[in-house]
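Heads up, start.tsv below (TSV, C-alpha atoms):
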chain	number	residue	atom	x	y	z
A	1	MET	CA	-78.29	26.17	45.44
A	2	PRO	CA	-78.54	29.95	45.04
A	3	VAL	CA	-78.66	31.81	41.76
A	4	HIS	CA	-75.07	32.23	40.53
A	5	PHE	CA	-75.32	36.02	40.27
A	6	THR	CA	-76.03	38.82	42.72
A	7	PRO	CA	-79.61	39.98	43.27
A	8	GLU	CA	-78.59	43.36	41.84
A	9	GLU	CA	-77.41	41.80	38.57
A	10	MET	CA	-80.53	39.67	38.27
A	11	THR	CA	-82.76	42.68	38.90
A	12	SER	CA	-80.89	44.65	36.23
A	13	ARG	CA	-81.35	41.83	33.72
A	14	ARG	CA	-85.08	41.69	34.31
A	15	GLU	CA	-85.39	45.47	34.05
A	16	ARG	CA	-83.49	45.50	30.76
A	17	ALA	CA	-85.70	42.72	29.41
A	18	ALA	CA	-88.84	44.58	30.45
A	19	ALA	CA	-87.58	47.72	28.72
A	20	ALA	CA	-86.86	45.75	25.55
A	21	ILE	CA	-90.35	44.23	25.68
A	22	ARG	CA	-91.90	47.70	25.92
A	23	GLU	CA	-89.68	49.09	23.17
A	24	ALA	CA	-90.83	46.28	20.89
A	25	GLY	CA	-94.44	47.29	21.49
A	26	LEU	CA	-95.25	44.09	23.36
A	27	ASP	CA	-97.25	43.42	26.49
A	28	ALA	CA	-95.26	40.32	27.43
A	29	LEU	CA	-92.71	37.82	26.17
A	30	LEU	CA	-93.28	34.06	26.10
A	31	CYS	CA	-89.86	32.49	26.69
A	32	PHE	CA	-89.27	28.95	25.46
A	33	LYS	CA	-85.47	29.09	25.38
A	34	GLN	CA	-83.87	27.63	28.48
A	35	GLU	CA	-81.03	30.10	27.94
A	36	SER	CA	-83.46	32.99	28.38
A	37	MET	CA	-84.97	31.48	31.50
A	38	TYR	CA	-81.55	30.91	33.02
A	39	TRP	CA	-80.33	34.42	32.21
A	40	LEU	CA	-83.47	36.09	33.54
A	41	THR	CA	-84.10	34.01	36.67
A	42	GLY	CA	-81.31	31.47	37.24
A	43	TYR	CA	-83.71	28.61	36.44
A	44	ASP	CA	-81.54	25.62	35.49
A	45	SER	CA	-83.17	22.49	34.03
A	46	PHE	CA	-83.51	20.28	30.99
A	47	GLY	CA	-87.28	20.42	31.48
A	48	PHE	CA	-87.47	22.58	28.36
A	49	SER	CA	-87.39	19.30	26.40
A	50	LEU	CA	-91.06	19.10	27.34
A	51	PHE	CA	-93.47	22.02	27.23
A	52	GLN	CA	-92.71	24.89	29.57
A	53	CYS	CA	-92.98	28.65	29.24
A	54	LEU	CA	-91.70	31.62	31.21
A	55	VAL	CA	-94.04	34.59	30.84
A	56	VAL	CA	-92.25	37.91	31.25
A	57	THR	CA	-94.50	40.97	31.34
A	58	ALA	CA	-93.66	44.50	30.27
A	59	ASP	CA	-93.26	45.49	33.91
A	60	GLY	CA	-90.73	42.71	34.56
A	61	ALA	CA	-92.93	40.21	36.42
A	62	VAL	CA	-92.25	36.54	35.65
A	63	THR	CA	-94.41	33.43	35.87
A	64	LEU	CA	-93.27	29.91	35.00
A	65	LEU	CA	-95.58	27.26	33.56
A	66	THR	CA	-93.94	23.83	33.78
A	67	ARG	CA	-94.44	20.19	34.78
A	68	LEU	CA	-94.43	18.91	38.34
A	69	PRO	CA	-90.87	17.41	38.15
A	70	ASP	CA	-89.54	20.93	37.61
A	71	LEU	CA	-91.45	22.62	40.44
A	72	ARG	CA	-88.74	21.95	43.01
A	73	GLN	CA	-86.06	22.43	40.36
A	74	ALA	CA	-87.28	25.98	39.80
A	75	ARG	CA	-87.56	26.67	43.53
A	76	HIS	CA	-84.02	25.37	44.11
A	77	THR	CA	-82.22	27.11	41.26
A	78	SER	CA	-84.15	30.29	40.49
A	79	ASN	CA	-85.72	33.41	41.93
A	80	ILE	CA	-89.12	32.66	40.38
A	81	GLU	CA	-91.91	32.98	42.92
A	82	ASP	CA	-94.96	32.37	40.72
A	83	ILE	CA	-94.80	28.79	39.40
A	84	ARG	CA	-97.78	27.10	37.76
A	85	ILE	CA	-98.05	23.40	36.90
A	86	TRP	CA	-99.67	21.69	33.95
A	87	LYS	CA	-100.70	18.13	34.57
A	88	ASP	CA	-99.76	15.02	32.60
A	89	THR	CA	-102.99	13.31	31.61
A	90	ALA	CA	-104.60	11.58	28.66
A	91	GLY	CA	-105.22	14.04	25.82
A	92	MET	CA	-103.16	16.69	27.58
A	93	ASN	CA	-102.81	20.09	25.94
A	94	PRO	CA	-100.56	22.42	27.94
A	95	ALA	CA	-101.44	25.26	25.58
A	96	ARG	CA	-104.80	25.37	27.35
A	97	ASP	CA	-103.01	25.85	30.65
A	98	LEU	CA	-100.96	28.62	29.06
A	99	ARG	CA	-104.14	30.33	27.83
A	100	ALA	CA	-105.63	30.14	31.34
A	101	LEU	CA	-102.42	31.56	32.78
A	102	LEU	CA	-102.44	34.47	30.33
A	103	ASP	CA	-106.08	35.15	31.20
A	104	ASP	CA	-105.18	35.17	34.90
A	105	LEU	CA	-102.36	37.67	34.23
A	106	GLY	CA	-104.67	39.97	32.30
A	107	LEU	CA	-103.02	39.11	28.99
A	108	ASP	CA	-106.09	37.60	27.32
A	109	ALA	CA	-106.05	40.21	24.54
A	110	ALA	CA	-102.39	41.11	24.56
A	111	ARG	CA	-99.63	41.56	22.00
A	112	LEU	CA	-97.20	38.78	22.88
A	113	GLY	CA	-93.65	38.18	21.75
A	114	VAL	CA	-92.82	34.50	21.29
A	115	GLU	CA	-89.43	32.79	21.17
A	116	LEU	CA	-90.27	30.77	18.07
A	117	ASP	CA	-86.66	29.80	17.32
A	118	ALA	CA	-86.40	27.60	20.40
A	119	CYS	CA	-85.75	23.93	21.05
A	120	GLY	CA	-88.32	24.24	23.84
A	121	LEU	CA	-91.15	25.02	21.41
A	122	ARG	CA	-91.64	22.06	19.12
A	123	ALA	CA	-93.91	22.50	16.10
A	124	HIS	CA	-96.53	20.27	17.69
A	125	TYR	CA	-96.90	22.56	20.70
A	126	TRP	CA	-96.69	25.71	18.59
A	127	ARG	CA	-99.71	24.54	16.57
A	128	LEU	CA	-101.62	23.87	19.78
A	129	MET	CA	-100.68	27.34	21.04
A	130	GLU	CA	-101.76	29.02	17.83
A	131	ALA	CA	-105.12	27.30	17.99
A	132	GLU	CA	-105.69	28.20	21.66
A	133	LEU	CA	-104.73	31.86	21.28
A	134	ALA	CA	-106.25	32.52	17.85
A	135	GLY	CA	-108.52	35.55	17.90
A	136	ARG	CA	-107.38	36.43	21.40
A	137	CYS	CA	-103.73	37.47	21.35
A	138	ALA	CA	-101.43	38.87	18.67
A	139	LEU	CA	-98.34	36.66	18.46
A	140	VAL	CA	-95.08	38.22	17.27
A	141	ASP	CA	-91.74	36.51	16.63
A	142	ALA	CA	-89.37	37.81	19.33
A	143	SER	CA	-86.83	35.00	19.19
A	144	THR	CA	-83.79	37.25	19.55
A	145	LEU	CA	-85.04	39.77	22.12
A	146	VAL	CA	-83.29	38.17	25.10
A	147	ASP	CA	-80.44	36.85	22.94
A	148	ALA	CA	-79.42	40.43	22.17
A	149	LEU	CA	-79.29	41.22	25.88
A	150	ARG	CA	-77.28	38.10	26.69
A	151	ALA	CA	-74.65	38.73	24.01
A	152	VAL	CA	-72.60	41.29	25.97
A	153	LYS	CA	-71.30	39.58	29.09
A	154	SER	CA	-71.19	41.14	32.55
A	155	PRO	CA	-67.98	41.02	34.64
A	156	ARG	CA	-69.27	37.95	36.50
A	157	GLU	CA	-70.20	36.23	33.24
A	158	ILE	CA	-66.71	36.94	31.89
A	159	GLU	CA	-65.28	35.43	35.06
A	160	TYR	CA	-67.29	32.26	34.38
A	161	ALA	CA	-66.15	32.23	30.73
A	162	ARG	CA	-62.54	32.44	31.88
A	163	ARG	CA	-63.09	29.55	34.24
A	164	ALA	CA	-64.67	27.54	31.44
A	165	ALA	CA	-61.65	28.24	29.24
A	166	ALA	CA	-59.31	27.04	32.00
A	167	LEU	CA	-61.31	23.81	32.22
A	168	ALA	CA	-61.03	23.37	28.44
A	169	ASP	CA	-57.26	23.77	28.78
A	170	ASP	CA	-57.25	21.13	31.50
A	171	ALA	CA	-59.17	18.76	29.22
A	172	TRP	CA	-56.68	19.39	26.39
A	173	ASP	CA	-53.78	18.63	28.73
A	174	GLU	CA	-55.34	15.22	29.38
A	175	ALA	CA	-55.70	14.54	25.65
A	176	VAL	CA	-52.06	15.45	25.05
A	177	ARG	CA	-51.01	13.18	27.91
A	178	LEU	CA	-52.92	10.16	26.65
A	179	ALA	CA	-52.88	10.38	22.85
A	180	ARG	CA	-50.27	7.84	21.87
A	181	PRO	CA	-50.21	4.96	19.37
A	182	GLY	CA	-52.63	2.32	20.62
A	183	ALA	CA	-54.50	4.66	22.97
A	184	PHE	CA	-58.25	4.09	23.26
A	185	GLU	CA	-60.49	7.00	22.32
A	186	GLY	CA	-62.79	6.16	25.23
A	187	ASP	CA	-59.96	6.65	27.73
A	188	ILE	CA	-59.14	10.02	26.17
A	189	LEU	CA	-62.78	11.15	26.34
A	190	ALA	CA	-63.14	9.96	29.93
A	191	ALA	CA	-60.05	11.87	31.02
A	192	MET	CA	-61.06	15.06	29.20
A	193	GLN	CA	-64.59	15.09	30.60
A	194	GLY	CA	-63.26	14.11	34.03
A	195	ALA	CA	-60.93	17.11	34.06
A	196	VAL	CA	-63.92	19.41	33.58
A	197	PHE	CA	-65.92	17.75	36.35
A	198	ARG	CA	-62.98	17.71	38.76
A	199	GLY	CA	-62.62	21.44	38.19
A	200	GLY	CA	-66.22	22.06	39.23
A	201	GLY	CA	-67.53	22.32	35.68
A	202	ASP	CA	-70.66	21.09	33.96
A	203	TYR	CA	-71.65	18.89	31.06
A	204	ALA	CA	-71.21	20.83	27.83
A	205	GLY	CA	-74.16	21.73	25.61
A	206	ASN	CA	-73.29	18.89	23.24
A	207	GLU	CA	-71.02	15.86	23.23
A	208	PHE	CA	-67.27	16.25	23.02
A	209	ILE	CA	-66.37	15.55	19.39
A	210	ILE	CA	-63.67	12.96	18.82
A	211	GLY	CA	-62.55	11.18	15.70
A	212	SER	CA	-59.37	9.45	14.59
A	213	GLY	CA	-58.29	7.92	11.30
A	214	PRO	CA	-61.02	8.64	8.72
A	215	GLY	CA	-63.20	9.95	11.56
A	216	ALA	CA	-60.80	12.85	12.04
A	217	LEU	CA	-62.45	14.49	9.02
A	218	LEU	CA	-65.80	14.73	10.82
A	219	CYS	CA	-67.09	17.70	12.83
A	220	ARG	CA	-69.75	15.80	14.76
A	221	TYR	CA	-69.77	13.19	17.50
A	222	PHE	CA	-70.63	9.68	16.41
A	223	SER	CA	-70.97	6.40	18.29
A	224	GLY	CA	-68.18	3.82	18.27
A	225	ARG	CA	-64.68	4.16	19.73
A	226	ARG	CA	-61.38	2.92	18.29
A	227	HIS	CA	-57.69	2.65	19.23
A	228	LEU	CA	-55.21	5.04	17.64
A	229	ASP	CA	-52.97	3.66	14.93
A	230	PRO	CA	-49.16	3.90	15.09
A	231	GLU	CA	-49.49	6.84	12.68
A	232	ASP	CA	-52.82	8.55	13.14
A	233	GLN	CA	-54.69	11.84	13.35
A	234	LEU	CA	-57.08	12.68	16.17
A	235	THR	CA	-59.53	15.57	15.89
A	236	LEU	CA	-61.03	16.90	19.12
A	237	GLU	CA	-63.66	19.62	19.54
A	238	PHE	CA	-64.65	20.17	23.14
A	239	ALA	CA	-65.64	22.83	25.64
A	240	GLY	CA	-65.13	23.68	29.24
A	241	ALA	CA	-68.44	24.61	30.86
A	242	TYR	CA	-68.80	26.44	34.17
A	243	ARG	CA	-72.10	27.69	35.56
A	244	ARG	CA	-73.37	26.73	32.07
A	245	TYR	CA	-70.99	29.24	30.40
A	246	HIS	CA	-68.91	27.66	27.64
A	247	ALA	CA	-65.45	28.13	26.17
A	248	ALA	CA	-64.77	25.77	23.28
A	249	MET	CA	-61.48	24.54	21.83
A	250	MET	CA	-60.55	22.49	18.77
A	251	ARG	CA	-57.35	20.66	17.90
A	252	THR	CA	-56.02	17.90	15.66
A	253	LEU	CA	-53.07	16.04	17.13
A	254	LEU	CA	-50.99	13.32	15.51
A	255	THR	CA	-49.42	10.05	16.58
A	256	GLY	CA	-46.21	8.59	15.25
A	257	ARG	CA	-45.06	11.34	12.92
A	258	ALA	CA	-46.26	14.50	11.24
A	259	HIS	CA	-46.98	14.10	7.53
A	260	PRO	CA	-45.79	17.14	5.50
A	261	GLU	CA	-49.40	17.88	4.53
A	262	HIS	CA	-50.41	17.99	8.20
A	263	VAL	CA	-47.54	20.39	8.91
A	264	PHE	CA	-48.56	22.63	6.00
A	265	MET	CA	-52.24	22.66	6.95
A	266	HIS	CA	-51.41	23.39	10.58
A	267	ALA	CA	-49.26	26.39	9.65
A	268	ALA	CA	-52.10	27.74	7.51
A	269	CYS	CA	-54.58	27.26	10.38
A	270	VAL	CA	-52.29	29.15	12.76
A	271	ASP	CA	-52.02	32.03	10.28
A	272	ALA	CA	-55.79	32.04	9.75
A	273	LEU	CA	-56.51	32.04	13.49
A	274	HIS	CA	-54.18	35.00	14.04
A	275	ALA	CA	-55.79	36.83	11.10
A	276	CYS	CA	-59.25	36.26	12.54
A	277	MET	CA	-58.20	37.58	15.94
A	278	GLU	CA	-56.72	40.66	14.27
A	279	ALA	CA	-60.04	41.23	12.48
A	280	ILE	CA	-62.04	41.28	15.71
A	281	ARG	CA	-62.72	44.88	16.63
A	282	PRO	CA	-65.74	46.43	18.38
A	283	ALA	CA	-68.25	47.91	15.92
A	284	ARG	CA	-66.78	45.95	12.99
A	285	PRO	CA	-69.06	43.41	11.24
A	286	MET	CA	-68.67	39.75	11.98
A	287	GLY	CA	-68.24	39.15	8.27
A	288	ASP	CA	-64.77	40.71	8.52
A	289	VAL	CA	-63.61	37.77	10.59
A	290	PHE	CA	-64.83	35.19	8.11
A	291	ALA	CA	-63.22	37.16	5.30
A	292	ALA	CA	-59.86	36.98	7.10
A	293	HIS	CA	-60.27	33.23	7.58
A	294	ALA	CA	-61.13	32.70	3.91
A	295	ARG	CA	-58.37	34.96	2.64
A	296	VAL	CA	-55.60	33.11	4.45
A	297	LEU	CA	-56.79	29.58	3.75
A	298	ASP	CA	-57.62	30.31	0.12
A	299	ALA	CA	-54.18	31.87	-0.40
A	300	ALA	CA	-52.68	28.64	0.93
A	301	GLY	CA	-54.60	26.66	-1.67
A	302	LEU	CA	-56.98	25.18	0.91
A	303	GLY	CA	-60.16	26.94	-0.19
A	304	ALA	CA	-61.78	23.71	-1.38
A	305	HIS	CA	-61.19	22.10	2.02
A	306	ARG	CA	-62.35	24.82	4.46
A	307	LEU	CA	-65.84	25.40	5.83
A	308	HIS	CA	-68.35	28.19	5.15
A	309	ALA	CA	-68.19	29.46	8.74
A	310	CYS	CA	-65.31	29.87	11.17
A	311	GLY	CA	-66.89	30.28	14.59
A	312	TYR	CA	-69.80	31.52	16.65
A	313	GLY	CA	-70.87	32.99	19.97
A	314	MET	CA	-70.27	31.38	23.35
A	315	GLY	CA	-72.47	31.74	26.41
A	316	ALA	CA	-74.66	29.92	28.91
A	317	VAL	CA	-76.41	27.44	26.63
A	318	TYR	CA	-78.19	24.10	26.79
A	319	ASN	CA	-78.55	20.99	24.67
A	320	PRO	CA	-78.58	20.11	21.86
A	321	ILE	CA	-75.62	22.35	20.96
A	322	TRP	CA	-73.20	24.71	22.67
A	323	ALA	CA	-73.09	27.13	19.74
A	324	ASP	CA	-74.71	30.42	20.75
A	325	PRO	CA	-75.47	32.30	17.51
A	326	PRO	CA	-74.58	34.44	15.63
A	327	MET	CA	-71.93	32.83	13.43
A	328	PHE	CA	-68.90	34.09	11.58
A	329	HIS	CA	-69.93	33.59	7.97
A	330	GLU	CA	-69.63	35.44	4.70
A	331	GLY	CA	-71.26	38.87	4.74
A	332	ASN	CA	-72.59	38.76	8.31
A	333	PRO	CA	-73.26	42.47	9.01
A	334	LEU	CA	-73.79	42.14	12.76
A	335	PRO	CA	-71.33	44.39	14.62
A	336	MET	CA	-69.14	42.87	17.31
A	337	ARG	CA	-69.23	44.46	20.76
A	338	ALA	CA	-66.88	44.56	23.71
A	339	GLY	CA	-67.98	41.85	26.09
A	340	ASN	CA	-68.87	39.33	23.37
A	341	VAL	CA	-67.31	35.88	23.73
A	342	PHE	CA	-66.68	33.89	20.56
A	343	PHE	CA	-65.25	30.55	19.53
A	344	LEU	CA	-62.94	30.71	16.50
A	345	HIS	CA	-62.34	27.45	14.64
A	346	MET	CA	-60.05	26.87	11.67
A	347	ILE	CA	-61.06	23.58	10.02
A	348	VAL	CA	-59.41	22.00	6.99
A	349	MET	CA	-60.65	18.59	5.82
A	350	ASN	CA	-59.12	17.09	2.66
A	351	SER	CA	-61.24	14.13	1.63
A	352	ASP	CA	-58.98	13.47	-1.35
A	353	THR	CA	-55.92	12.72	0.79
A	354	GLY	CA	-57.83	11.70	3.93
A	355	ARG	CA	-56.02	14.23	6.11
A	356	ALA	CA	-57.46	16.79	8.50
A	357	MET	CA	-56.25	19.72	10.54
A	358	THR	CA	-58.17	21.90	12.97
A	359	LEU	CA	-57.28	24.67	15.40
A	360	GLY	CA	-59.51	26.82	17.57
A	361	HIS	CA	-60.09	28.53	20.89
A	362	SER	CA	-62.40	31.03	22.55
A	363	VAL	CA	-61.82	34.79	22.70
A	364	LEU	CA	-63.23	37.79	24.52
A	365	VAL	CA	-63.88	40.99	22.57
A	366	THR	CA	-62.20	43.90	24.35
A	367	THR	CA	-62.50	47.65	23.86
A	368	ASP	CA	-59.81	47.64	21.16
A	369	GLY	CA	-59.54	44.07	19.89
A	370	CYS	CA	-59.77	40.64	21.44
A	371	GLU	CA	-58.14	38.48	24.10
A	372	GLY	CA	-57.58	34.75	23.76
A	373	LEU	CA	-59.00	32.95	26.80
A	374	SER	CA	-56.92	29.80	26.40
A	375	ARG	CA	-53.47	29.30	27.92
A	376	SER	CA	-52.69	26.39	25.56
A	377	SER	CA	-50.05	26.61	22.86
A	378	LEU	CA	-51.06	26.57	19.20
A	379	ASP	CA	-48.13	24.27	18.39
A	380	LEU	CA	-48.74	21.04	16.51
A	381	VAL	CA	-48.69	18.07	18.92
A	382	VAL	CA	-47.31	14.69	17.83
A	383	GLY	CA	-47.68	11.93	20.40

Could I get this file's structure written as structure tokens?
Amino acid sequence: MPVHFTPEEMTSRRERAAAAIREAGLDALLCFKQESMYWLTGYDSFGFSLFQCLVVTADGAVTLLTRLPDLRQARHTSNIEDIRIWKDTAGMNPARDLRALLDDLGLDAARLGVELDACGLRAHYWRLMEAELAGRCALVDASTLVDALRAVKSPREIEYARRAAALADDAWDEAVRLARPGAFEGDILAAMQGAVFRGGGDYAGNEFIIGSGPGALLCRYFSGRRHLDPEDQLTLEFAGAYRRYHAAMMRTLLTGRAHPEHVFMHAACVDALHACMEAIRPARPMGDVFAAHARVLDAAGLGAHRLHACGYGMGAVYNPIWADPPMFHEGNPLPMRAGNVFFLHMIVMNSDTGRAMTLGHSVLVTTDGCEGLSRSSLDLVVG
């Protein structure tokens, strides 16, 4: 399968990364984030769960060090030509192979940026790396160097985000169709995930989150499915994923009837979501969006039941989570930029009454505001 972007776009990405490496005063970047590898080369794998590293030099050359199962994976999905293999064996230490690779590339005494904040660089391997490169290379935390380049989406990336949002809408349509008293959560999940796959989409970066009854107050997936009660609440957080690009949604729907508290919380969530979208403007800090969320929900008397964040970035991401930082939280000074894609979630969980309400969708930052990517109504659904 070819890389999902034109050669011109991939060349531009690598040139921008090389320029950022030079501007940071580095000789090369050691990438351990699968997101970085995918963005730079198209390389698509879960092999990052074991040790692998993409070395990107200041002139834009790339070399991948990985295990044998990912050799053909890299050849099939990426434009990487220089692929090196470290061998599984007793007492293996892939950091030694990385040191030999750096020596071969003339980086034996280099200043190297490292993606330390990466699921692909476990502490065990980092300690081996430190020991192997001590006294040879200067290691600098460059965890966000590629992240900053990935944050503003190209036209093709926006196209994929739109497709992901359409798949999320399709999944929501299935939930609305099936969520009735007595419905089995497993059937709902199967239909939602199936809608994404039938539309040509991918697995999302984490499990679809589903919970009914008391489980509707949870924001994480957990094992164990149940049937919906005659009067119930069902919280769903899910994402369409296309070419690894995500567009998340969140909803709480009801069965049987709408309790007045559910109706009140839903109205507050709608107001908060609109306020957050109004607060999204290029060059404005992300903290403005959280402030709008807090202002509306606190004014409704729901301050004790809301969260301390109300969304985060969306992009081409991998397990264990589809969130692509940064987050909307109090005081975040990071300016928003046209071309950013974010997920906005309004979450109210009242443990005292046992009732929950959530509402969220993904948006694209435009030159003068934002555009919602979902076609789905914000209306409260009672099945």

Centre and edges of the stretch 158-173 of chain A box, axis-aligned, 6 Å extra per side, as lines of an AutoDock Vina configuration file:
center_x = -60.5
center_y = 27.8
center_z = 30.7
size_x = 25.5
size_y = 30.3
size_z = 20.7

Rank A:Asp229, A:Asp104, A:Asp352, A:Asp27 by their smallest atom-to-atom distance to A:Val56, using all atoms listed in the file, and report the top residue only.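 Residue with the minimum atom-to-atom distance to A:Val56: A:Asp27.
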
Pairwise distance, atom CA of A:Ala171 with atom CA of A:Cys119, equals 28.3 Å

So which one's closest to A:Pro325, A:Thr6, A:Thr144, A:Thr89, A:Ser351? Using all atoms listed in the file, please.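 Counting all atoms listed in the file, the residue closest to A:Pro325 is A:Thr144.
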
Do a neighbour search on A:Ala168 at 7 Å with only C-alpha atoms, toss out local chain neighbours closer than 5 positions, and write the hits as a list in words. Ala239, Gly240, Ala247, Ala248 and Met249 of chain A

Between A:Ala268, A:Ala61, A:Val140, A:Leu102, which residue has the minimum interatomic distance to A:Thr358, considering all atoms listed in the file?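 The shortest atom-to-atom distance to A:Thr358 comes from A:Ala268.
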
Rank nothing, just name the residue among A:Glu81, A:Asp97, A:Glu278, A:Asp88 nearest to A:Pro69, using only C-alpha atoms.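 Nearest to A:Pro69: A:Asp88.
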
Expressed in Å to a single decimal, how great is the separation between atom CA of A:Ala294 and atom CA of A:His345? 12.0 Å

Enter the distance from atom CA of A:Ile80 to atom CA of A:Tyr43, in Å, rounded to one decimal.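 Atom CA of A:Ile80 sits 7.8 Å away from atom CA of A:Tyr43.
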
For A:Arg72, work out the shell of residues within 12 Å, counting all atoms listed in the file and skipping chain neighbours fewer than 3 positions away, then give it as a PyMOL selection string. chain A and resi 1+43-45+47+66-69+75-81+83-85

If you count only C-alpha atoms, which residues fall within 12 Å of A:Trp86, apart from same-chain ones fewer than 6 positions away, as a short mmCIF file (atom, residue, chain, number, x, y, z; two decimals) with C-alpha atoms, in the coordinates of the input?
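Result file is out06.cif:
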data_model
loop_
_atom_site.label_atom_id
_atom_site.label_comp_id
_atom_site.auth_asym_id
_atom_site.auth_seq_id
_atom_site.Cartn_x
_atom_site.Cartn_y
_atom_site.Cartn_z
CA LEU A 50 -91.06 19.10 27.34
CA PHE A 51 -93.47 22.02 27.23
CA GLN A 52 -92.71 24.89 29.57
CA CYS A 53 -92.98 28.65 29.24
CA LEU A 64 -93.27 29.91 35.00
CA LEU A 65 -95.58 27.26 33.56
CA THR A 66 -93.94 23.83 33.78
CA ARG A 67 -94.44 20.19 34.78
CA LEU A 68 -94.43 18.91 38.34
CA PRO A 69 -90.87 17.41 38.15
CA ASP A 70 -89.54 20.93 37.61
CA LEU A 71 -91.45 22.62 40.44
CA MET A 92 -103.16 16.69 27.58
CA ASN A 93 -102.81 20.09 25.94
CA PRO A 94 -100.56 22.42 27.94
CA ALA A 95 -101.44 25.26 25.58
CA ARG A 96 -104.80 25.37 27.35
CA ASP A 97 -103.01 25.85 30.65
CA LEU A 98 -100.96 28.62 29.06
CA ARG A 99 -104.14 30.33 27.83
CA ALA A 100 -105.63 30.14 31.34
CA LEU A 101 -102.42 31.56 32.78
#

Which residue, A:Gly106, A:Trp322, A:Arg13, A:Leu373, has the smallest gap to A:Val152 when you use all atoms listed in the file?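 Answer, going by the shortest atom-to-atom distance: A:Arg13.
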
Point out the residue among A:Ala18, A:Ala279, A:Leu236, A:Leu149 with the least atom-to-atom distance to A:Met192, counting all atoms listed in the file.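 Closest residue, counting all atoms listed in the file: A:Leu236.
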